[in-house]
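Input: a single structure, listed below in structure tokens.
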Amino acid sequence: MKYRSTRGRVTGIRFKQAVMMGLATDGGLLVPHNIPDVSNKLAAWTGLSFEALATQIMSHYIDDIPAEDLAALVKKSYARFDHEKVTPIVSVGDFYVLELFHGPTLAFKDVALQFLGNVFEYILDEKNENLNILGATSGDTGSAAIEAVRGKSNINIFILFPQGKTSPIQEMQMTTVLDANVLNIAVEGSFDDCQMLMKDIFSDLEFKSEYKLGAVNSVNWARVLAQIVYYFYAWYQLDKPAAFDVAVPTGNFGNIFAAYLARQMGLPINKLILATNSNDILVRFFRTGIYQRGEVCFSESPAMDIQVSSNFERYLYYKLGGSCAKVTEFMAGFIDSGVARLDFNTREFDETFLTGSVSDVETLHTIRQIYEEHNYLVDPHTAVGIRVGRQQRTAGIPLLCLSTAHPAKFEDAISRALPAIEPHHPRLQVLTDLPTKKENMAADVSLVKDFIRRHAAV
Ligand SMILES: *Cc1c(COP(=O)(O)O)cnc(C)c1O
């Protein structure tokens, strides 16, 4: 399989290059030259374990890692999940929940980042090179990235987070990791300050290449690829229905884009139900064709407090018939003015997607309702997906709602919804007694660069 950029200036590269490139060098996103149709393999894959199925699906997109190495990478990536099925489904009333939170940090990002961390290590070992990952986090992504690379000898990771502005649990999930290659930087400032610092540093191309800086953000193709797998595995767990709907709480359009690809590959997904919180740029787009940035609002589902979805451009590429010129024009217009429009006739637009946005009040109400009706506790992100899923589902076929975090990660929201309930998880409970490590720093780019110079893997 070869990969190309949605903007057309990078083409014909293979999987390992695509992983190391992350964002395409022309500013676009990397996509496979074609989407393989696996419908004639679905019967033969019946009964495979999560890991075996993952290896089969991924091998359609990876031809530069030998099969046995890929199988070993997959096995290692899911060994730290605390459920034998890795991503199990549970039946809740008249719908199903796909639990994606059984990884080390109890959030769905582990499914993709554990794999990405191991792929990075594998490629760097081969090339005998090092990598320094730099990231900024408002909470969840930081710990998932740290857990993905902790202890790896050829990777150091620097995570900038706003001191005192993540939840105490989120901070402990990062700072209790004492491995020498993990460097937490607590910035005196906001999440925006952290992102600004990161952008400043990445834009210094000389510094970036001298210290071999890389990112693990959600545009990396390996992350999308790893997320395709659990849609297939869920279908087998549902006993291979002729059709099913999936409901996905969405921020960066990564998770639901993987569902879109699974559908294109021949998995019989009927509707893709896209759910957002009040940051609803995607809902507005699918209803009007107008892609317009708004102000970011803070919500009860903070991992989806995003206005510009970084994976959206991949979808756009397919909707525009693979025309890099049209993608480039659309994105240039959007970057210039904060708004771009797709001209479509409503009847011809993408009927695969149904959408809805959910307020905070509705989110808390849904948490309460699901708990009271079914004795099943969901986190606020999952509640957003379930609410829209139940409203928009197709009658007569199964509805699969994706659960993206364990409720104990968001205990404040849970206590607002259900004051009598205290969610917990053993992995989080032990954190309070552990020693921590972090570097406090003013929001000053020269201080951060200096710290990287002193601690980079070179
Ligand atoms: C990142 C995240 C999401 C959003 O996923 P996208 O792939 O960005 O759409 C939803 N829920 C949780 C808990 C997350 O961490």
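Identifiers for the structure tokens are assigned positionally: chains receive A, B, ... in sequence, residues are indexed from 1 per chain, and ligands are indexed from 1 in the order shown.
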Residues within 8 Å of ligand 1, counting only C-alpha atoms and all ligand atoms: report them as an MDAnalysis selection string.
chainID A and resid 107:109 140:141 218 248:257 301:304 309 379 381:382 403:405
List every residue of stretch 175-275 of chain A that DSSP, applied to the backbone of this structure, places in helix (DSSP H, G or I), and write the result as a ChimeraX atom specification.
/A:175,191-203,205-210,221-237,254-264
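The two atoms in question, atom CA of A:Thr436 and atom CA of A:Ser143, are spaced 13.4 Å apart.
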With distances taken over only C-alpha atoms, which of A:Asn375, A:Ser357, A:Asn181, A:Ser446 is nearest to A:Val92?
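Closest candidate: A:Asn375.
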Between A:Ser337, A:Asn118, A:Thr176, A:Gln392, which is the closest to A:Ala222 once you count only C-alpha atoms?
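Closest residue, counting only C-alpha atoms: A:Asn118.
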Excluding A:Asp94 and its own-chain neighbours fewer than 2 positions away, which residues fall within 9 Å of it when counting only C-alpha atoms? Please give them as a PyMOL selection string.
chain A and resi 91-92+96+398-399
Contacts of A:Thr137 within 7 Å, only C-alpha atoms, excl. fewer than 4 positions in-chain, as a list in words:
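Selected residues are Thr141, Gly142, Leu160, Phe161 and Phe191 of chain A.
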Out of A:Glu351, A:Asp450, A:Asp204, A:Glu313, which residue has the shortest atom-to-atom distance to A:Leu30 when counting only C-alpha atoms?
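Smallest separation from A:Leu30 among the options: A:Glu313.
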